[in-house]
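Below: input_29.cif (mmCIF, C-alpha atoms)
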```cif
data_model
#
loop_
_atom_site.group_PDB
_atom_site.id
_atom_site.type_symbol
_atom_site.label_atom_id
_atom_site.label_comp_id
_atom_site.auth_asym_id
_atom_site.auth_seq_id
_atom_site.Cartn_x
_atom_site.Cartn_y
_atom_site.Cartn_z
ATOM 1 C CA MET A 168 -233.919 133.051 151.922
ATOM 2 C CA GLN A 169 -236.597 132.651 154.578
ATOM 3 C CA MET A 170 -235.658 132.589 158.237
ATOM 4 C CA ARG A 171 -238.108 131.533 160.893
ATOM 5 C CA ASN A 172 -237.519 132.188 164.571
ATOM 6 C CA PHE A 173 -239.637 130.109 166.919
ATOM 7 C CA LYS A 174 -240.249 132.183 170.022
ATOM 8 C CA LYS A 175 -240.697 130.607 173.416
ATOM 9 C CA GLY A 176 -244.265 129.522 173.851
ATOM 10 C CA ALA A 177 -245.012 129.541 170.117
ATOM 11 C CA ARG A 178 -246.218 126.465 168.250
ATOM 12 C CA LEU A 179 -245.713 125.235 164.730
ATOM 13 C CA GLY A 180 -248.066 122.339 164.138
ATOM 14 C CA ALA A 181 -247.310 119.802 166.842
ATOM 15 C CA MET A 182 -243.983 121.398 167.813
ATOM 16 C CA SER A 183 -243.464 121.295 171.562
ATOM 17 C CA VAL A 184 -241.823 123.833 173.826
ATOM 18 C CA SER A 185 -238.434 122.564 175.012
ATOM 19 C CA THR A 186 -235.948 123.926 177.494
ATOM 20 C CA ASP A 187 -232.888 121.932 176.434
ATOM 21 C CA TYR A 188 -231.408 119.931 173.578
ATOM 22 C CA LYS A 189 -232.791 116.448 172.982
ATOM 23 C CA TYR A 190 -230.188 115.192 170.491
ATOM 24 C CA ASP A 191 -226.424 115.507 170.211
ATOM 25 C CA ILE A 192 -226.312 115.079 166.432
ATOM 26 C CA PHE A 193 -228.638 115.871 163.574
ATOM 27 C CA PHE A 194 -227.544 113.444 160.852
ATOM 28 C CA SER A 195 -228.214 115.070 157.485
ATOM 29 C CA TYR A 196 -227.972 113.096 154.252
ATOM 30 C CA LYS A 197 -229.682 112.624 150.897
ATOM 31 C CA ARG A 198 -231.387 109.262 150.894
ATOM 32 C CA HIS A 199 -230.991 106.904 147.961
ATOM 33 C CA GLY A 200 -231.785 103.213 147.766
ATOM 34 C CA LEU A 201 -228.297 102.291 146.593
ATOM 35 C CA THR A 202 -226.515 104.073 149.445
ATOM 36 C CA LYS A 203 -228.993 103.333 152.260
ATOM 37 C CA GLU A 204 -226.911 100.548 153.818
ATOM 38 C CA TRP A 205 -223.657 102.519 153.575
ATOM 39 C CA THR A 206 -225.239 105.537 155.242
ATOM 40 C CA ARG A 207 -226.836 103.565 158.050
ATOM 41 C CA ASN A 208 -223.634 101.658 158.817
ATOM 42 C CA PHE A 209 -221.583 104.858 158.792
ATOM 43 C CA GLN A 210 -224.047 106.608 161.095
ATOM 44 C CA GLY A 211 -224.132 103.605 163.434
ATOM 45 C CA GLN A 212 -220.342 103.419 163.678
ATOM 46 C CA LEU A 213 -220.094 107.149 164.291
ATOM 47 C CA GLU A 214 -222.652 107.028 167.099
ATOM 48 C CA PHE A 215 -220.862 104.069 168.692
ATOM 49 C CA TRP A 216 -217.395 105.625 168.635
ATOM 50 C CA LEU A 217 -218.696 108.999 169.708
ATOM 51 C CA GLY A 218 -220.222 107.211 172.684
ATOM 52 C CA GLN A 219 -216.737 105.995 173.603
ATOM 53 C CA GLU A 220 -215.644 109.646 173.754
ATOM 54 C CA SER A 221 -218.513 110.676 176.023
ATOM 55 C CA GLU A 222 -219.551 110.101 179.631
ATOM 56 C CA ARG A 223 -223.201 109.719 178.607
ATOM 57 C CA GLU A 224 -225.317 108.107 175.924
ATOM 58 C CA ILE A 225 -225.163 109.830 172.534
ATOM 59 C CA LYS A 226 -228.490 110.568 170.894
ATOM 60 C CA THR A 227 -228.813 111.117 167.154
ATOM 61 C CA PHE A 228 -231.705 112.506 165.142
ATOM 62 C CA VAL A 229 -231.769 110.604 161.855
ATOM 63 C CA ASP A 230 -234.818 110.535 159.621
ATOM 64 C CA ILE A 231 -235.256 107.252 157.743
ATOM 65 C CA ASP A 232 -238.955 107.436 156.961
ATOM 66 C CA THR A 233 -239.872 110.755 155.377
ATOM 67 C CA ILE A 234 -239.893 110.802 151.589
ATOM 68 C CA GLU A 235 -238.952 114.098 149.973
ATOM 69 C CA ILE A 236 -241.848 115.103 147.743
ATOM 70 C CA GLY A 237 -242.220 118.661 146.526
ATOM 71 C CA ASP A 238 -241.039 121.649 148.529
ATOM 72 C CA ARG A 239 -242.809 121.062 151.845
ATOM 73 C CA TRP A 240 -240.282 120.715 154.653
ATOM 74 C CA PRO A 241 -241.693 118.523 157.447
ATOM 75 C CA THR A 242 -242.141 120.050 160.874
ATOM 76 C CA LYS A 243 -240.449 117.065 162.513
ATOM 77 C CA LEU A 244 -237.219 117.817 160.644
ATOM 78 C CA GLN A 245 -237.348 121.459 161.697
ATOM 79 C CA GLU A 246 -237.872 120.426 165.303
ATOM 80 C CA GLY A 247 -235.041 117.898 165.042
ATOM 81 C CA ILE A 248 -232.707 120.694 163.959
ATOM 82 C CA ARG A 249 -233.830 122.991 166.751
ATOM 83 C CA LEU A 250 -233.294 120.287 169.387
ATOM 84 C CA SER A 251 -229.877 119.079 168.123
ATOM 85 C CA ARG A 252 -226.518 120.303 169.341
ATOM 86 C CA CYS A 253 -224.592 119.918 166.091
ATOM 87 C CA LEU A 254 -224.910 118.760 162.483
ATOM 88 C CA VAL A 255 -223.176 115.886 160.712
ATOM 89 C CA CYS A 256 -223.837 116.079 156.977
ATOM 90 C CA VAL A 257 -222.916 113.677 154.187
ATOM 91 C CA TRP A 258 -222.123 115.863 151.194
ATOM 92 C CA SER A 259 -222.553 114.865 147.563
ATOM 93 C CA PRO A 260 -223.885 116.653 144.481
ATOM 94 C CA MET A 261 -227.308 115.129 145.206
ATOM 95 C CA TYR A 262 -227.178 116.538 148.745
ATOM 96 C CA PHE A 263 -226.930 120.100 147.474
ATOM 97 C CA GLN A 264 -229.707 119.512 144.940
ATOM 98 C CA SER A 265 -232.079 118.740 147.813
ATOM 99 C CA SER A 266 -233.913 121.711 149.307
ATOM 100 C CA TRP A 267 -234.367 119.816 152.558
ATOM 101 C CA CYS A 268 -230.664 118.998 152.908
ATOM 102 C CA VAL A 269 -229.530 122.505 152.050
ATOM 103 C CA SER A 270 -232.060 123.938 154.509
ATOM 104 C CA GLU A 271 -230.710 121.696 157.272
ATOM 105 C CA TRP A 272 -227.160 122.822 156.559
ATOM 106 C CA GLN A 273 -228.058 126.503 156.301
ATOM 107 C CA SER A 274 -230.122 126.386 159.503
ATOM 108 C CA PHE A 275 -226.986 125.405 161.413
ATOM 109 C CA ARG A 276 -224.949 128.029 159.566
ATOM 110 C CA ALA A 277 -227.498 130.624 160.725
ATOM 111 C CA ARG A 278 -227.195 129.307 164.291
ATOM 112 C CA GLU A 279 -223.438 129.743 164.152
ATOM 113 C CA ARG A 280 -223.880 133.364 163.154
ATOM 114 C CA VAL A 281 -226.431 134.023 165.895
ATOM 115 C CA ALA A 282 -224.158 132.391 168.496
ATOM 116 C CA ASN A 283 -221.051 134.129 167.113
ATOM 117 C CA ILE A 284 -219.368 130.825 166.304
ATOM 118 C CA GLY A 285 -216.980 130.486 163.386
ATOM 119 C CA SER A 286 -217.973 128.839 160.118
ATOM 120 C CA HIS A 287 -218.729 125.128 160.597
ATOM 121 C CA GLY A 288 -217.953 125.240 164.283
ATOM 122 C CA LEU A 289 -221.160 123.261 164.840
ATOM 123 C CA ILE A 290 -221.066 121.326 161.572
ATOM 124 C CA ALA A 291 -219.044 118.233 160.654
ATOM 125 C CA PRO A 292 -219.158 117.688 156.867
ATOM 126 C CA ILE A 293 -218.428 114.327 155.240
ATOM 127 C CA LYS A 294 -217.465 114.357 151.563
ATOM 128 C CA PHE A 295 -219.084 111.249 150.090
ATOM 129 C CA HIS A 296 -218.621 112.048 146.406
ATOM 130 C CA ASP A 297 -217.288 114.699 144.050
ATOM 131 C CA GLY A 298 -216.869 118.239 145.383
ATOM 132 C CA GLU A 299 -216.453 119.995 142.057
ATOM 133 C CA TYR A 300 -220.154 120.802 141.903
ATOM 134 C CA PHE A 301 -220.543 121.800 145.553
ATOM 135 C CA PRO A 302 -221.584 125.391 146.307
ATOM 136 C CA ALA A 303 -218.646 127.768 146.671
ATOM 137 C CA GLU A 304 -219.203 128.018 150.431
ATOM 138 C CA ALA A 305 -218.972 124.237 150.816
ATOM 139 C CA GLN A 306 -215.885 123.942 148.620
ATOM 140 C CA GLU A 307 -213.974 126.191 151.016
ATOM 141 C CA VAL A 308 -214.765 124.046 154.073
ATOM 142 C CA GLN A 309 -212.486 121.331 155.402
ATOM 143 C CA SER A 310 -214.354 118.027 155.454
ATOM 144 C CA LEU A 311 -213.694 114.364 156.107
ATOM 145 C CA ASP A 312 -213.053 112.860 152.681
ATOM 146 C CA VAL A 313 -214.576 109.368 152.504
ATOM 147 C CA ARG A 314 -214.715 109.226 148.710
ATOM 148 C CA PRO A 315 -212.217 106.318 148.573
ATOM 149 C CA PHE A 316 -214.659 104.316 150.717
ATOM 150 C CA ALA A 317 -217.932 105.282 149.056
ATOM 151 C CA SER A 318 -219.737 102.214 147.754
ATOM 152 C CA THR A 319 -223.189 100.980 146.797
ATOM 153 C CA LEU A 320 -222.280 97.336 147.464
ATOM 154 C CA PRO A 321 -223.241 95.694 150.783
ATOM 155 C CA ALA A 322 -220.116 93.532 150.482
ATOM 156 C CA PHE A 323 -218.009 96.633 151.179
ATOM 157 C CA TRP A 324 -218.719 96.226 154.905
ATOM 158 C CA ASN A 325 -217.002 92.854 154.926
ATOM 159 C CA SER A 326 -213.915 94.107 153.122
ATOM 160 C CA PRO A 327 -210.576 95.385 154.493
ATOM 161 C CA ARG A 328 -211.534 98.842 153.181
ATOM 162 C CA SER A 329 -214.312 99.041 155.745
ATOM 163 C CA LEU A 330 -211.697 98.712 158.494
ATOM 164 C CA GLU A 331 -209.833 101.674 157.028
ATOM 165 C CA LEU A 332 -213.038 103.676 156.986
ATOM 166 C CA GLU A 333 -213.707 102.822 160.627
ATOM 167 C CA ASP A 334 -210.324 104.311 161.555
ATOM 168 C CA GLN A 335 -211.475 107.544 159.911
ATOM 169 C CA VAL A 336 -214.780 107.369 161.794
ATOM 170 C CA LYS A 337 -212.898 107.092 165.097
ATOM 171 C CA LEU A 338 -210.982 110.287 164.297
ATOM 172 C CA LEU A 339 -214.211 112.017 163.310
ATOM 173 C CA ALA A 340 -215.797 110.956 166.597
ATOM 174 C CA LYS A 341 -212.961 112.580 168.551
ATOM 175 C CA SER A 342 -213.418 115.800 166.563
ATOM 176 C CA ILE A 343 -217.182 115.861 167.142
ATOM 177 C CA ALA A 344 -216.664 115.166 170.859
ATOM 178 C CA ARG A 345 -214.587 118.339 171.052
ATOM 179 C CA MET A 346 -217.248 120.187 169.058
ATOM 180 C CA LEU A 347 -219.957 119.135 171.507
ATOM 181 C CA GLN A 348 -217.988 120.716 174.337
ATOM 182 C CA ARG A 349 -218.290 124.099 172.590
ATOM 183 C CA VAL A 350 -222.035 123.970 171.877
ATOM 184 C CA PRO A 351 -223.849 127.132 173.007
ATOM 185 C CA PRO A 352 -226.692 126.918 175.551
ATOM 186 C CA PHE A 353 -230.051 125.899 174.122
ATOM 187 C CA ARG A 354 -232.330 128.569 172.701
ATOM 188 C CA GLN A 355 -235.975 127.995 171.922
ATOM 189 C CA ASN A 356 -235.749 130.354 168.958
ATOM 190 C CA TRP A 357 -232.761 128.935 167.087
ATOM 191 C CA PRO A 358 -233.266 130.054 163.461
ATOM 192 C CA ILE A 359 -234.748 127.735 160.880
ATOM 193 C CA VAL A 360 -233.706 128.617 157.334
ATOM 194 C CA GLU A 361 -235.441 127.388 154.210
ATOM 195 C CA ARG A 362 -233.258 127.377 151.110
ATOM 196 C CA ALA A 363 -233.809 125.867 147.682
ATOM 197 C CA GLY A 364 -231.371 123.254 146.438
ATOM 198 C CA GLN A 365 -229.172 124.034 143.485
ATOM 199 C CA ALA A 366 -229.936 122.830 139.991
ATOM 200 C CA ALA A 367 -228.237 119.670 138.813
ATOM 201 C CA ALA A 368 -225.083 120.331 136.831
ATOM 202 C CA THR A 369 -225.272 119.876 133.105
ATOM 203 C CA ILE A 370 -222.600 117.596 131.696
ATOM 204 C CA PRO A 371 -221.526 118.747 128.237
ATOM 205 C CA LEU A 372 -221.622 116.035 125.584
ATOM 206 C CA GLY A 373 -219.179 115.897 122.747
ATOM 207 C CA ARG A 374 -220.349 115.950 119.155
ATOM 208 C CA LEU A 375 -221.137 112.634 117.575
#
```
Final structure tokens representation of the file:
Amino acid sequence: MQMRNFKKGARLGAMSVSTDYKYDIFFSYKRHGLTKEWTRNFQGQLEFWLGQESEREIKTFVDIDTIEIGDRWPTKLQEGIRLSRCLVCVWSPMYFQSSWCVSEWQSFRARERVANIGSHGLIAPIKFHDGEYFPAEAQEVQSLDVRPFASTLPAFWNSPRSLELEDQVKLLAKSIARMLQRVPPFRQNWPIVERAGQAAATIPLGRL
């Protein structure tokens, strides 16, 4: 595991020196063409309902442009983590196979340890699919289970099931609002952790 601490006044590429958080949420997810619309709608609903729980505008860091190629972790994602108060992550087996996603998650876990905050006190996990192949640490964490509402079909958002999901999003927004009240003061040198994703699980095939 590599941990990088950015000291005040230091620069990493075009990284700027900040004195406070810029975003309330870092929205972490594994992009896929089939789930793009579901993810964007979920994130949009969450931001809206979280805004109803707040006295100010909610700002979310969500990356929709960067394509994950190789092992290079973009500076803008690292800076987004550093400038965000908490993490919302959409967990699936593909999420934990992504080095970028795992690094985002583990960077906030490292922050919790530095700030002496309990496990996932700054992290709101969403279980999009499976769970059996999650890392042991993730399997032990309570998460919002949206597996019954996971879909690749755009028509889902016009179905009665989408209304049920929105009720769950409202509850999540209340939980995150409470989390934001416990966020520690900003530090320029919040740790950035780089961690490799786990290998895809092998599914045993029966004999023909």
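Running the PyMOL selection byres ((chain A and resi 270-276) around 7) on this file leaves Ser266, Trp267, Cys268, Val269, Ala277, Arg278, Glu279, Arg280, His287, Pro358, Ile359, Val360, Glu361 and Arg362 of chain A selected.
Atom pair atom CA of A:Ser326 / atom CA of A:Asp312 has a distance of 18.8 Å (rounded to one decimal).
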Record the distance separating atom CA of A:Lys337 and atom CA of A:Leu213, expressed in Å with one decimal.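 Distance reported for this atom pair: 7.2 Å.
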Looking at A:Gly211, A:Pro315, A:Gly364, A:Pro292, which one is nearest to A:Pro260, with distances taken over all atoms listed in the file? A:Gly364
Residues picked by the PyMOL selection byres ((chain A and resi 319) around 7) here, as a PyMOL selection string? chain A and resi 201-202+205+318+320-321
Could you name the residues that touch A:Arg349 at 10 Å or less, counting only C-alpha atoms, but leaving out those on the same chain fewer than 5 positions away, as a ChimeraX atom specification? /A:252-253,284,288-289,343-344
List the neighbours of A:Ala282 out to 10 Å using all atoms listed in the file; skip same-chain residues closer than 6 positions along the sequence, and give me the result as a list of chain:residue names.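 Here the answer would be A:Arg276, A:Val350, A:Pro351, A:Pro352, A:Arg354, A:Trp357.
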Skipping near chain neighbours, those fewer than 6 positions away, what residues fall within 7 Å of A:Val257 using all atoms listed in the file, listed as a list in words?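 The contact residues come out as Ser195, Tyr196, Pro292, Ile293, Lys294 and Phe295 of chain A.
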May I have the residues at most 12 Å from (-232.5, 120.6, 181.3) in the file's coordinates, counting only C-alpha atoms, as a PyMOL selection string? chain A and resi 185-189+250+352-354
Which centre and which edge lengths, in Å to one decimal, describe the axis-aligned box that holds all listed atoms of stretch 323-330 of chain A after 5 Å is added on each side, as JSON?
```
{"center_x": -214.6, "center_y": 95.9, "center_z": 154.8, "size_x": 18.1, "size_y": 16.2, "size_z": 17.3}
```
Please indicate the distance in Å from atom CA of A:Ile248 to atom CA of A:Glu224, rounded to one decimal place. 18.9 Å
Please determine, counting all atoms listed in the file, which residue among A:Asp334, A:Ile231, A:Ala366, A:Glu246 has the shortest atom-to-atom distance to A:Glu204.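 Nearest to A:Glu204: A:Ile231.
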Running the PyMOL selection byres ((chain A and resi 192) around 8) on this model by hand, what would come out? Give it as a compact mmCIF listing (two decimals) with C-alpha atoms, in the coordinates of the input.
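What landed in selection-v7.txt:
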```txt
# COMPACT_ATOMS: atom_id res chain seq x y z
CA TYR A 190 -230.19 115.19 170.49
CA ASP A 191 -226.42 115.51 170.21
CA PHE A 193 -228.64 115.87 163.57
CA PHE A 194 -227.54 113.44 160.85
CA LYS A 226 -228.49 110.57 170.89
CA THR A 227 -228.81 111.12 167.15
CA PHE A 228 -231.70 112.51 165.14
CA SER A 251 -229.88 119.08 168.12
CA ARG A 252 -226.52 120.30 169.34
CA CYS A 253 -224.59 119.92 166.09
CA LEU A 254 -224.91 118.76 162.48
CA VAL A 255 -223.18 115.89 160.71
```
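Residue nearest A:Phe209, chosen from A:Ser265, A:Ser310, A:Ser329, A:Thr242 and counting only C-alpha atoms: A:Ser329.
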Return the single residue from A:Leu330, A:Ala363, A:Ala291, A:Ala303 that is closest to A:Phe316, with distances computed using only C-alpha atoms.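 Counting only C-alpha atoms, the residue closest to A:Phe316 is A:Leu330.
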